[in-house]
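Q: Below is the file structure.cif, with mmCIF, C-alpha atoms (C1' of nucleotides).
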```
data_my_file
loop_
_atom_site.label_atom_id
_atom_site.label_comp_id
_atom_site.auth_asym_id
_atom_site.auth_seq_id
_atom_site.Cartn_x
_atom_site.Cartn_y
_atom_site.Cartn_z
CA MET E 1 -7.45 3.71 31.30
CA ALA E 2 -5.03 3.73 28.47
CA SER E 3 -3.45 6.96 29.55
CA ASN E 4 -4.37 8.69 32.77
CA LYS E 5 -0.73 9.29 33.35
CA ARG E 6 -0.53 11.88 30.66
CA GLU E 7 -1.25 14.56 33.22
CA GLN E 8 2.03 13.80 34.91
CA PHE E 9 3.95 15.39 32.09
CA THR E 10 4.72 18.95 31.09
CA ALA E 11 2.15 20.90 29.15
CA ALA E 12 4.71 21.33 26.40
CA GLN E 13 5.40 17.62 26.34
CA GLN E 14 1.72 16.89 26.09
CA GLN E 15 1.20 19.40 23.32
CA THR E 16 4.19 18.15 21.41
CA ALA E 17 2.98 14.59 21.76
CA ALA E 18 -0.54 15.53 20.71
CA ILE E 19 0.73 17.17 17.55
CA ALA E 20 3.07 14.30 16.78
CA LYS E 21 0.25 11.86 17.36
CA ALA E 22 -1.96 13.74 14.94
CA LEU E 23 0.78 13.36 12.33
CA GLY E 24 1.27 9.74 13.30
CA HIS E 25 -0.71 8.25 10.46
CA PRO E 26 0.23 8.21 6.78
CA ALA E 27 -3.22 9.35 5.73
CA ARG E 28 -2.96 12.41 7.91
CA VAL E 29 0.53 13.16 6.66
CA ALA E 30 -0.82 12.89 3.13
CA ILE E 31 -3.72 15.19 3.95
CA MET E 32 -1.39 17.82 5.37
CA GLN E 33 0.77 17.61 2.26
CA LEU E 34 -2.22 17.90 -0.04
CA LEU E 35 -3.46 20.92 1.87
CA ALA E 36 -0.03 22.51 1.97
CA GLN E 37 0.43 22.15 -1.75
CA ARG E 38 -3.15 23.27 -2.33
CA GLU E 39 -3.64 20.26 -4.51
CA ALA E 40 -6.83 19.62 -2.73
CA CYS E 41 -8.99 21.45 -0.32
CA VAL E 42 -12.58 20.33 -0.41
CA CYS E 43 -13.27 17.17 1.53
CA GLY E 44 -14.46 15.36 -1.58
CA GLU E 45 -11.22 16.06 -3.38
CA LEU E 46 -9.29 14.64 -0.46
CA VAL E 47 -11.41 11.52 -0.57
CA LEU E 48 -10.61 11.09 -4.25
CA ALA E 49 -6.91 11.60 -3.60
CA LEU E 50 -6.76 9.04 -0.81
CA PRO E 51 -7.32 5.29 -0.77
CA LEU E 52 -9.88 5.59 1.98
CA SER E 53 -13.61 5.87 2.28
CA GLN E 54 -15.37 9.15 2.79
CA SER E 55 -16.22 8.49 6.40
CA THR E 56 -12.67 7.53 7.23
CA VAL E 57 -11.26 10.66 5.63
CA SER E 58 -13.79 12.69 7.54
CA GLN E 59 -12.59 11.12 10.77
CA HIS E 60 -8.97 11.88 10.00
CA LEU E 61 -9.91 15.46 9.24
CA LYS E 62 -11.69 15.63 12.56
CA GLU E 63 -8.55 14.53 14.36
CA LEU E 64 -6.39 17.03 12.53
CA LYS E 65 -8.91 19.70 13.41
CA ALA E 66 -8.90 18.65 17.05
CA ALA E 67 -5.12 18.91 17.06
CA GLY E 68 -5.43 22.45 15.73
CA LEU E 69 -3.56 21.68 12.55
CA VAL E 70 -6.45 22.13 10.20
CA GLN E 71 -9.38 24.40 9.85
CA GLY E 72 -12.65 23.81 8.05
CA GLU E 73 -14.87 26.42 6.47
CA VAL E 74 -18.32 25.62 5.25
CA ASP E 75 -18.84 26.76 1.68
CA GLY E 76 -22.35 25.97 0.69
CA ALA E 77 -22.78 22.25 0.58
CA ARG E 78 -19.05 21.67 0.67
CA VAL E 79 -16.42 22.17 3.30
CA CYS E 80 -13.09 23.71 2.50
CA TYR E 81 -10.24 22.57 4.67
CA CYS E 82 -7.18 24.72 5.14
CA ILE E 83 -4.13 24.49 7.28
CA ASP E 84 -4.63 26.32 10.54
CA VAL E 85 -1.88 28.91 10.41
CA ALA E 86 -1.64 29.46 14.15
CA GLY E 87 -1.76 25.78 15.00
CA TRP E 88 0.77 24.98 12.36
CA ALA E 89 3.09 27.64 13.72
CA LEU E 90 2.81 26.05 17.15
CA ALA E 91 3.55 22.66 15.67
CA ARG E 92 6.54 24.08 13.88
CA GLN E 93 7.84 25.55 17.11
CA LEU E 94 7.24 22.55 19.35
CA LEU E 95 8.53 19.94 16.93
CA GLY E 96 11.33 22.25 15.87
CA ASP E 97 12.39 22.69 19.47
CA LEU E 98 12.39 18.97 20.00
CA LEU E 99 14.40 18.38 16.87
CA ALA E 100 16.84 21.11 17.82
CA GLU E 101 17.23 19.78 21.31
CA LEU E 102 19.79 17.38 20.06
CA PRO E 103 22.98 19.09 18.90
CA THR E 104 22.47 18.69 15.17
CA ALA E 105 24.67 15.67 14.66
CA THR E 106 27.84 14.03 15.82
CA ALA E 107 28.93 17.27 17.36
CA GLY E 108 29.44 15.85 20.80
CA PRO E 109 30.61 12.39 21.72
CA THR E 110 28.44 9.75 20.13
CA ASN E 111 28.24 7.59 23.19
CA CYS E 112 26.63 8.66 26.40
CA CYS E 113 28.24 6.18 28.78
CA MET A 114 -7.83 -4.66 10.57
CA ALA A 115 -7.02 -1.34 12.09
CA SER A 116 -4.70 -0.34 9.30
CA ASN A 117 -4.10 -2.50 6.29
CA LYS A 118 -4.35 0.60 4.18
CA ARG A 119 -1.01 1.91 5.26
CA GLU A 120 0.61 0.24 2.29
CA GLN A 121 -1.29 2.50 -0.03
CA PHE A 122 0.82 5.46 0.94
CA THR A 123 4.29 6.66 0.01
CA ALA A 124 7.26 5.18 1.79
CA ALA A 125 8.19 8.67 2.93
CA GLN A 126 4.71 9.25 4.24
CA GLN A 127 4.82 5.99 6.13
CA GLN A 128 8.23 6.72 7.59
CA THR A 129 7.22 10.21 8.58
CA ALA A 130 4.09 8.90 10.21
CA ALA A 131 5.99 6.17 12.01
CA ILE A 132 8.41 8.67 13.49
CA ALA A 133 5.64 11.05 14.44
CA LYS A 134 3.74 8.21 16.00
CA ALA A 135 6.76 7.23 18.05
CA LEU A 136 6.87 10.79 19.36
CA GLY A 137 3.13 10.77 19.88
CA HIS A 138 3.21 10.11 23.58
CA PRO A 139 4.36 12.48 26.33
CA ALA A 140 6.43 9.79 27.99
CA ARG A 141 8.37 9.18 24.82
CA VAL A 142 8.86 12.89 24.25
CA ALA A 143 10.18 13.11 27.80
CA ILE A 144 12.51 10.18 27.23
CA MET A 145 13.95 11.76 24.10
CA GLN A 146 14.52 15.01 25.98
CA LEU A 147 16.20 13.23 28.87
CA LEU A 148 18.46 11.39 26.48
CA ALA A 149 19.21 14.51 24.48
CA GLN A 150 20.21 16.44 27.56
CA ARG A 151 22.13 13.47 28.90
CA GLU A 152 20.27 13.83 32.15
CA ALA A 153 19.62 10.17 32.11
CA CYS A 154 20.81 7.26 30.11
CA VAL A 155 20.49 3.99 31.93
CA CYS A 156 17.04 2.48 31.90
CA GLY A 157 16.78 2.64 35.68
CA GLU A 158 17.45 6.36 35.71
CA LEU A 159 14.71 6.87 33.17
CA VAL A 160 12.33 4.92 35.33
CA LEU A 161 13.15 7.17 38.28
CA ALA A 162 12.69 10.28 36.17
CA LEU A 163 9.30 9.23 34.87
CA PRO A 164 5.98 8.63 36.60
CA LEU A 165 5.69 5.18 35.11
CA SER A 166 6.53 1.66 36.10
CA GLN A 167 9.64 -0.11 34.93
CA SER A 168 7.85 -2.36 32.52
CA THR A 169 6.00 0.54 30.97
CA VAL A 170 9.19 2.52 30.47
CA SER A 171 10.79 -0.53 28.95
CA GLN A 172 7.95 -0.78 26.50
CA HIS A 173 8.23 2.86 25.50
CA LEU A 174 11.95 2.37 24.98
CA LYS A 175 11.18 -0.61 22.81
CA GLU A 176 8.90 1.48 20.63
CA LEU A 177 11.47 4.25 20.30
CA LYS A 178 14.03 1.65 19.37
CA ALA A 179 11.70 0.14 16.80
CA ALA A 180 11.26 3.58 15.29
CA GLY A 181 15.03 3.91 15.04
CA LEU A 182 15.18 6.93 17.31
CA VAL A 183 17.01 5.26 20.14
CA GLN A 184 19.77 2.77 20.55
CA GLY A 185 20.53 0.51 23.49
CA GLU A 186 23.91 -0.75 24.51
CA VAL A 187 24.31 -3.42 27.13
CA ASP A 188 26.77 -2.36 29.80
CA GLY A 189 27.13 -5.15 32.27
CA ALA A 190 23.87 -5.64 34.05
CA ARG A 191 22.53 -2.33 32.82
CA VAL A 192 21.52 -0.99 29.49
CA CYS A 193 22.60 2.41 28.31
CA TYR A 194 20.21 4.11 25.94
CA CYS A 195 21.40 6.75 23.56
CA ILE A 196 19.81 8.64 20.74
CA ASP A 197 20.34 6.87 17.44
CA VAL A 198 22.22 9.48 15.45
CA ALA A 199 21.30 8.13 12.04
CA GLY A 200 17.66 7.61 12.91
CA TRP A 201 17.42 11.00 14.49
CA ALA A 202 18.91 12.60 11.40
CA LEU A 203 16.25 10.90 9.33
CA ALA A 204 13.57 12.11 11.70
CA ARG A 205 14.96 15.60 11.49
CA GLN A 206 14.85 15.48 7.74
CA LEU A 207 11.42 13.95 7.33
CA LEU A 208 9.69 16.07 9.95
CA GLY A 209 11.64 19.11 8.84
CA ASP A 210 10.51 18.56 5.27
CA LEU A 211 6.93 18.27 6.38
CA LEU A 212 7.16 21.41 8.49
CA ALA A 213 8.84 23.29 5.67
CA GLU A 214 6.28 22.18 3.16
CA LEU A 215 4.05 25.00 4.22
CA PRO A 216 5.50 28.42 3.30
CA THR A 217 6.55 29.43 6.77
CA ALA A 218 3.58 31.56 7.68
CA THR A 219 1.07 33.97 6.28
CA ALA A 220 3.23 34.38 3.24
CA GLY A 221 0.55 33.42 0.80
CA PRO A 222 -3.18 34.00 1.08
CA THR A 223 -4.60 32.57 4.26
CA ASN A 224 -7.62 31.03 2.63
CA CYS A 225 -7.46 28.31 0.06
CA CYS A 226 -10.91 28.71 -1.48
"C1'" DA D 227 -41.33 19.54 -3.05
"C1'" DT D 228 -38.30 16.16 -4.45
"C1'" DT D 229 -34.11 14.74 -5.71
"C1'" DT D 230 -29.09 14.93 -5.73
"C1'" DG D 231 -24.71 15.74 -3.89
"C1'" DT D 232 -21.68 16.65 0.02
"C1'" DC D 233 -20.24 15.96 4.47
"C1'" DA D 234 -20.66 14.48 9.47
"C1'" DT D 235 -22.02 11.24 12.70
"C1'" DC D 236 -23.47 6.67 14.50
"C1'" DG D 237 -22.75 2.00 15.22
"C1'" DT D 238 -19.73 -1.71 14.78
"C1'" DA D 239 -15.71 -4.83 14.50
"C1'" DA D 240 -10.86 -5.83 14.58
"C1'" DA D 241 -6.52 -4.28 15.88
"C1'" DT D 242 -3.48 -1.70 18.55
"C1'" DC D 243 -2.08 1.01 22.65
"C1'" DG D 244 -0.96 2.06 27.50
"C1'" DA D 245 -0.38 0.48 31.73
"C1'" DC D 246 0.59 -2.76 35.25
"C1'" DG D 247 2.21 -6.85 38.03
"C1'" DA D 248 4.52 -11.07 37.67
"C1'" DT D 249 7.97 -13.53 36.01
"C1'" DA D 250 12.14 -14.74 33.36
"C1'" DA D 251 16.92 -13.78 32.01
"C1'" DG D 252 21.19 -11.70 32.66
"C1'" DC D 253 25.19 -9.94 35.16
"C1'" DA D 254 27.70 -8.76 39.52
"C1'" DA D 255 28.86 -9.12 44.00
"C1'" DA D 256 28.99 -11.74 48.31
"C1'" DT Y 257 26.75 -20.75 44.16
"C1'" DT Y 258 23.62 -18.02 45.91
"C1'" DT Y 259 21.83 -13.71 46.35
"C1'" DG Y 260 20.56 -9.32 44.63
"C1'" DC Y 261 20.04 -5.90 41.17
"C1'" DT Y 262 18.70 -4.52 36.45
"C1'" DT Y 263 16.15 -5.09 32.36
"C1'" DA Y 264 13.05 -7.59 29.07
"C1'" DT Y 265 9.14 -10.17 28.23
"C1'" DC Y 266 4.51 -12.30 29.16
"C1'" DG Y 267 -0.21 -12.05 30.13
"C1'" DT Y 268 -3.90 -9.21 30.95
"C1'" DC Y 269 -7.20 -5.43 31.12
"C1'" DG Y 270 -9.71 -1.48 29.54
"C1'" DA Y 271 -9.38 2.29 26.34
"C1'" DT Y 272 -8.38 4.00 21.94
"C1'" DT Y 273 -7.63 3.73 16.94
"C1'" DT Y 274 -8.73 2.55 12.23
"C1'" DA Y 275 -11.81 1.38 9.09
"C1'" DC Y 276 -16.25 0.75 6.99
"C1'" DG Y 277 -21.24 1.03 5.72
"C1'" DA Y 278 -25.46 3.11 6.92
"C1'" DT Y 279 -27.85 6.85 8.20
"C1'" DG Y 280 -28.67 11.74 9.05
"C1'" DA Y 281 -28.36 16.81 8.05
"C1'" DC Y 282 -28.15 20.34 4.98
"C1'" DA Y 283 -27.48 23.03 0.58
"C1'" DA Y 284 -28.37 23.24 -4.18
"C1'" DA Y 285 -30.59 21.92 -8.30
"C1'" DT Y 286 -34.52 19.97 -10.72
#
```
Could you spell out this file's structure in structure tokens?
A:
Amino acid sequence: MASNKREQFTAAQQQTAAIAKALGHPARVAIMQLLAQREACVCGELVLALPLSQSTVSQHLKELKAAGLVQGEVDGARVCYCIDVAGWALARQLLGDLLAELPTATAGPTNCC
Amino acid sequence: MASNKREQFTAAQQQTAAIAKALGHPARVAIMQLLAQREACVCGELVLALPLSQSTVSQHLKELKAAGLVQGEVDGARVCYCIDVAGWALARQLLGDLLAELPTATAGPTNCC
DNA sequence: ATTTGTCATCGTAAATCGACGATAAGCAAA
DNA sequence: TTTGCTTATCGTCGATTTACGATGACAAAT
């Protein structure tokens, strides 16, 4: 029962949190960077580029896929992972909105009380 | 031994992941929004605004504070929470960098392989 | 057909998370 | 000082996460 209460929040808040959570591990950040820079693509390449075992990398990829950030295409015996353009656009919007929600900097008064 | 391997990643990757992780829960997203919009500030107000118990909200605040996103000032018997300007700027930069790392949209070829 | 290589899944173990009530610690008012 | 309000911390519970090796599934090569 770690989180039944999630339903009590906005859909946008849940989506934002889900995306942030998916990015909430250094390995997954690294994977997204590798994919973005096209330095790696096939699962095996990612395994070589990361200090983790094959099964662990596969699990991280599964989570990124579940969050809609990544997309996997089977290519023969291999699987090519790409960034999911639509999902990434949503992430950009949701996280961007959240980041923009605070007036850039010390624009207003620093203290709230 | 859930994550000894974190040390194997870049400092930037770890920081990015830590910030994303802190935002990886709807309650904490909601708290950041409430603070950003100055709709609430004192811990008690946050508790009223959220469908969670006082101790749970306190714990979420603790995590946000640990991530450097939030700052708490004692004001008599109450505690006023504000967004940590410096930490938030760092979050903006790190997450912004990550989001920008992918060429905006369908600029390049959609497939990688 | 057998072997090899690639990837996903299963099972497992330790650690962490999310949530709560209960309790402590602090200040403010009576 | 005693009472009451506000917040933090403790202890606990089940659920989830992270990680791994082992095993399975499937394509390609021998």
Q: Least-squares fit on all C-alpha atoms, paired in order: put chain E onto chain A and return it as a PDB file with C-alpha atoms, in the coordinates of the input.
A:
```
ATOM      1  CA  MET E   1      -7.395  -4.762  10.660  1.00  0.00           C
ATOM      2  CA  ALA E   2      -6.781  -1.389  12.113  1.00  0.00           C
ATOM      3  CA  SER E   3      -4.548  -0.332   9.286  1.00  0.00           C
ATOM      4  CA  ASN E   4      -4.001  -2.465   6.227  1.00  0.00           C
ATOM      5  CA  LYS E   5      -4.362   0.621   4.155  1.00  0.00           C
ATOM      6  CA  ARG E   6      -1.045   1.968   5.236  1.00  0.00           C
ATOM      7  CA  GLU E   7       0.573   0.308   2.255  1.00  0.00           C
ATOM      8  CA  GLN E   8      -1.368   2.580  -0.039  1.00  0.00           C
ATOM      9  CA  PHE E   9       0.763   5.526   0.934  1.00  0.00           C
ATOM     10  CA  THR E  10       4.224   6.713  -0.004  1.00  0.00           C
ATOM     11  CA  ALA E  11       7.205   5.215   1.740  1.00  0.00           C
ATOM     12  CA  ALA E  12       8.135   8.690   2.903  1.00  0.00           C
ATOM     13  CA  GLN E  13       4.656   9.268   4.248  1.00  0.00           C
ATOM     14  CA  GLN E  14       4.783   6.007   6.114  1.00  0.00           C
ATOM     15  CA  GLN E  15       8.194   6.729   7.559  1.00  0.00           C
ATOM     16  CA  THR E  16       7.203  10.215   8.568  1.00  0.00           C
ATOM     17  CA  ALA E  17       4.068   8.897  10.208  1.00  0.00           C
ATOM     18  CA  ALA E  18       5.980   6.145  11.984  1.00  0.00           C
ATOM     19  CA  ILE E  19       8.406   8.641  13.457  1.00  0.00           C
ATOM     20  CA  ALA E  20       5.642  11.031  14.434  1.00  0.00           C
ATOM     21  CA  LYS E  21       3.744   8.174  16.008  1.00  0.00           C
ATOM     22  CA  ALA E  22       6.772   7.201  18.048  1.00  0.00           C
ATOM     23  CA  LEU E  23       6.880  10.766  19.367  1.00  0.00           C
ATOM     24  CA  GLY E  24       3.137  10.738  19.891  1.00  0.00           C
ATOM     25  CA  HIS E  25       3.216  10.079  23.601  1.00  0.00           C
ATOM     26  CA  PRO E  26       4.372  12.455  26.330  1.00  0.00           C
ATOM     27  CA  ALA E  27       6.453   9.772  27.996  1.00  0.00           C
ATOM     28  CA  ARG E  28       8.371   9.169  24.812  1.00  0.00           C
ATOM     29  CA  VAL E  29       8.857  12.878  24.253  1.00  0.00           C
ATOM     30  CA  ALA E  30      10.183  13.103  27.796  1.00  0.00           C
ATOM     31  CA  ILE E  31      12.516  10.171  27.222  1.00  0.00           C
ATOM     32  CA  MET E  32      13.935  11.758  24.087  1.00  0.00           C
ATOM     33  CA  GLN E  33      14.494  15.006  25.964  1.00  0.00           C
ATOM     34  CA  LEU E  34      16.180  13.240  28.854  1.00  0.00           C
ATOM     35  CA  LEU E  35      18.447  11.383  26.463  1.00  0.00           C
ATOM     36  CA  ALA E  36      19.205  14.497  24.454  1.00  0.00           C
ATOM     37  CA  GLN E  37      20.177  16.446  27.526  1.00  0.00           C
ATOM     38  CA  ARG E  38      22.088  13.449  28.858  1.00  0.00           C
ATOM     39  CA  GLU E  39      20.258  13.843  32.106  1.00  0.00           C
ATOM     40  CA  ALA E  40      19.618  10.190  32.067  1.00  0.00           C
ATOM     41  CA  CYS E  41      20.792   7.265  30.096  1.00  0.00           C
ATOM     42  CA  VAL E  42      20.488   4.011  31.959  1.00  0.00           C
ATOM     43  CA  CYS E  43      17.025   2.517  31.920  1.00  0.00           C
ATOM     44  CA  GLY E  44      16.764   2.683  35.697  1.00  0.00           C
ATOM     45  CA  GLU E  45      17.457   6.390  35.709  1.00  0.00           C
ATOM     46  CA  LEU E  46      14.714   6.912  33.165  1.00  0.00           C
ATOM     47  CA  VAL E  47      12.322   4.964  35.339  1.00  0.00           C
ATOM     48  CA  LEU E  48      13.151   7.204  38.281  1.00  0.00           C
ATOM     49  CA  ALA E  49      12.671  10.314  36.167  1.00  0.00           C
ATOM     50  CA  LEU E  50       9.278   9.246  34.862  1.00  0.00           C
ATOM     51  CA  PRO E  51       5.962   8.643  36.600  1.00  0.00           C
ATOM     52  CA  LEU E  52       5.695   5.182  35.132  1.00  0.00           C
ATOM     53  CA  SER E  53       6.544   1.668  36.138  1.00  0.00           C
ATOM     54  CA  GLN E  54       9.667  -0.078  34.993  1.00  0.00           C
ATOM     55  CA  SER E  55       7.884  -2.357  32.582  1.00  0.00           C
ATOM     56  CA  THR E  56       6.030   0.512  30.986  1.00  0.00           C
ATOM     57  CA  VAL E  57       9.203   2.520  30.491  1.00  0.00           C
ATOM     58  CA  SER E  58      10.815  -0.531  28.987  1.00  0.00           C
ATOM     59  CA  GLN E  59       7.958  -0.806  26.517  1.00  0.00           C
ATOM     60  CA  HIS E  60       8.250   2.823  25.508  1.00  0.00           C
ATOM     61  CA  LEU E  61      11.963   2.355  24.991  1.00  0.00           C
ATOM     62  CA  LYS E  62      11.218  -0.635  22.816  1.00  0.00           C
ATOM     63  CA  GLU E  63       8.953   1.458  20.624  1.00  0.00           C
ATOM     64  CA  LEU E  64      11.497   4.231  20.307  1.00  0.00           C
ATOM     65  CA  LYS E  65      14.072   1.627  19.388  1.00  0.00           C
ATOM     66  CA  ALA E  66      11.761   0.111  16.799  1.00  0.00           C
ATOM     67  CA  ALA E  67      11.277   3.553  15.291  1.00  0.00           C
ATOM     68  CA  GLY E  68      15.048   3.892  15.032  1.00  0.00           C
ATOM     69  CA  LEU E  69      15.178   6.893  17.308  1.00  0.00           C
ATOM     70  CA  VAL E  70      17.010   5.243  20.136  1.00  0.00           C
ATOM     71  CA  GLN E  71      19.758   2.766  20.558  1.00  0.00           C
ATOM     72  CA  GLY E  72      20.511   0.522  23.503  1.00  0.00           C
ATOM     73  CA  GLU E  73      23.891  -0.793  24.543  1.00  0.00           C
ATOM     74  CA  VAL E  74      24.272  -3.446  27.160  1.00  0.00           C
ATOM     75  CA  ASP E  75      26.736  -2.421  29.842  1.00  0.00           C
ATOM     76  CA  GLY E  76      27.052  -5.223  32.286  1.00  0.00           C
ATOM     77  CA  ALA E  77      23.795  -5.645  34.088  1.00  0.00           C
ATOM     78  CA  ARG E  78      22.528  -2.298  32.883  1.00  0.00           C
ATOM     79  CA  VAL E  79      21.505  -0.981  29.521  1.00  0.00           C
ATOM     80  CA  CYS E  80      22.571   2.413  28.318  1.00  0.00           C
ATOM     81  CA  TYR E  81      20.187   4.087  25.942  1.00  0.00           C
ATOM     82  CA  CYS E  82      21.386   6.722  23.528  1.00  0.00           C
ATOM     83  CA  ILE E  83      19.802   8.610  20.724  1.00  0.00           C
ATOM     84  CA  ASP E  84      20.345   6.844  17.435  1.00  0.00           C
ATOM     85  CA  VAL E  85      22.226   9.454  15.450  1.00  0.00           C
ATOM     86  CA  ALA E  86      21.287   8.138  12.025  1.00  0.00           C
ATOM     87  CA  GLY E  87      17.650   7.603  12.899  1.00  0.00           C
ATOM     88  CA  TRP E  88      17.427  10.981  14.495  1.00  0.00           C
ATOM     89  CA  ALA E  89      18.898  12.585  11.402  1.00  0.00           C
ATOM     90  CA  LEU E  90      16.229  10.880   9.318  1.00  0.00           C
ATOM     91  CA  ALA E  91      13.560  12.096  11.691  1.00  0.00           C
ATOM     92  CA  ARG E  92      14.951  15.587  11.485  1.00  0.00           C
ATOM     93  CA  GLN E  93      14.837  15.465   7.709  1.00  0.00           C
ATOM     94  CA  LEU E  94      11.391  13.932   7.321  1.00  0.00           C
ATOM     95  CA  LEU E  95       9.676  16.054   9.947  1.00  0.00           C
ATOM     96  CA  GLY E  96      11.640  19.088   8.833  1.00  0.00           C
ATOM     97  CA  ASP E  97      10.498  18.574   5.268  1.00  0.00           C
ATOM     98  CA  LEU E  98       6.921  18.279   6.380  1.00  0.00           C
ATOM     99  CA  LEU E  99       7.170  21.391   8.488  1.00  0.00           C
ATOM    100  CA  ALA E 100       8.834  23.275   5.661  1.00  0.00           C
ATOM    101  CA  GLU E 101       6.252  22.161   3.173  1.00  0.00           C
ATOM    102  CA  LEU E 102       4.052  24.959   4.271  1.00  0.00           C
ATOM    103  CA  PRO E 103       5.434  28.377   3.348  1.00  0.00           C
ATOM    104  CA  THR E 104       6.556  29.446   6.801  1.00  0.00           C
ATOM    105  CA  ALA E 105       3.586  31.599   7.676  1.00  0.00           C
ATOM    106  CA  THR E 106       1.064  33.972   6.231  1.00  0.00           C
ATOM    107  CA  ALA E 107       3.227  34.393   3.198  1.00  0.00           C
ATOM    108  CA  GLY E 108       0.559  33.407   0.744  1.00  0.00           C
ATOM    109  CA  PRO E 109      -3.149  34.022   0.993  1.00  0.00           C
ATOM    110  CA  THR E 110      -4.544  32.650   4.215  1.00  0.00           C
ATOM    111  CA  ASN E 111      -7.608  31.159   2.647  1.00  0.00           C
ATOM    112  CA  CYS E 112      -7.527  28.388   0.126  1.00  0.00           C
ATOM    113  CA  CYS E 113     -10.971  28.820  -1.409  1.00  0.00           C
TER     114      CYS E 113
END
```
Q: For chain E, report every residue with an atom at most 7 Å from chain A (counting only C-alpha atoms), formatted as a short mmCIF file (atom, residue, chain, number, x, y, z; two decimals) with C-alpha atoms, in the frame of the given file.
A:
```
data_model
loop_
_atom_site.label_atom_id
_atom_site.label_comp_id
_atom_site.auth_asym_id
_atom_site.auth_seq_id
_atom_site.Cartn_x
_atom_site.Cartn_y
_atom_site.Cartn_z
CA ARG E 6 -0.53 11.88 30.66
CA GLN E 8 2.03 13.80 34.91
CA PHE E 9 3.95 15.39 32.09
CA GLN E 13 5.40 17.62 26.34
CA GLN E 14 1.72 16.89 26.09
CA ALA E 17 2.98 14.59 21.76
CA ALA E 18 -0.54 15.53 20.71
CA ALA E 20 3.07 14.30 16.78
CA LYS E 21 0.25 11.86 17.36
CA LEU E 23 0.78 13.36 12.33
CA GLY E 24 1.27 9.74 13.30
CA HIS E 25 -0.71 8.25 10.46
CA PRO E 26 0.23 8.21 6.78
CA VAL E 29 0.53 13.16 6.66
CA ALA E 30 -0.82 12.89 3.13
CA ALA E 36 -0.03 22.51 1.97
CA PRO E 51 -7.32 5.29 -0.77
CA CYS E 80 -13.09 23.71 2.50
CA CYS E 82 -7.18 24.72 5.14
CA VAL E 85 -1.88 28.91 10.41
CA ARG E 92 6.54 24.08 13.88
CA LEU E 99 14.40 18.38 16.87
CA GLU E 101 17.23 19.78 21.31
CA LEU E 102 19.79 17.38 20.06
CA ALA E 105 24.67 15.67 14.66
CA ASN E 111 28.24 7.59 23.19
CA CYS E 112 26.63 8.66 26.40
CA CYS E 113 28.24 6.18 28.78
#
```
Q: Show me, as a list in words, the residues of chain D whose atoms get within 12 Å of chain E, using all atoms listed in the file for the distance check.
A: DT230, DG231, DT232, DC233, DA234, DT235, DC236, DT242, DC243, DG244, DA245 and DC246 of chain D
Q: Can you work out the spacing between atom CA of Leu159 of chain A and atom CA of Leu94 of chain E in Å, to one decimal?
A: 22.2 Å
Q: Enclose the full set of atoms of segment 258-262 of chain Y listed in the file within a box whose edges lie along x, y and z, apply 5 Å of padding to each of the six sides, and report centre and edge lengths in Å to one decimal as JSON.
A:
```
{"center_x": 21.2, "center_y": -11.3, "center_z": 41.4, "size_x": 14.9, "size_y": 23.5, "size_z": 19.9}
```
Q: In Å, rounded to a single decimal, give me how far atom C1' of DT265 of chain Y is from atom C1' of DG247 of chain D.
A: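 Between these atoms lies a distance of 12.5 Å.
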Q: Determine the nearest neighbour of chain Y from the options A:Val170, A:Ala180, A:Ala162, A:Glu152, counting only C-alpha atoms (C1' of nucleotides).
A: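 Smallest separation from chain Y among the options: A:Val170.
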Q: For chain Y against chain E, with a cut-off of 7 Å and counting all atoms listed in the file, what is the closest atom pair and its distance in Å to one decimal for every residue that makes the cut, ordered by chain and number, as JSON lines?
A:
```
{"residue": "Y:DG270", "atom": "C1'", "partner": "E:Met1", "partner_atom": "CA", "distance": 5.9}
{"residue": "Y:DA271", "atom": "C1'", "partner": "E:Ala2", "partner_atom": "CA", "distance": 5.1}
{"residue": "Y:DA275", "atom": "C1'", "partner": "E:Thr56", "partner_atom": "CA", "distance": 6.5}
{"residue": "Y:DA283", "atom": "C1'", "partner": "E:Ala77", "partner_atom": "CA", "distance": 4.8}
```
Q: How far is it from atom CA of Leu182 of chain A to atom CA of Leu147 of chain A, in Å with one decimal?
A: 13.2 Å
Q: What lies within 12 Å of DA250 of chain D using all atoms listed in the file, ignoring chain neighbours under 2 positions off, as a list in words?
A: DA248 and DG252 of chain D; DT263, DA264, DT265 and DC266 of chain Y
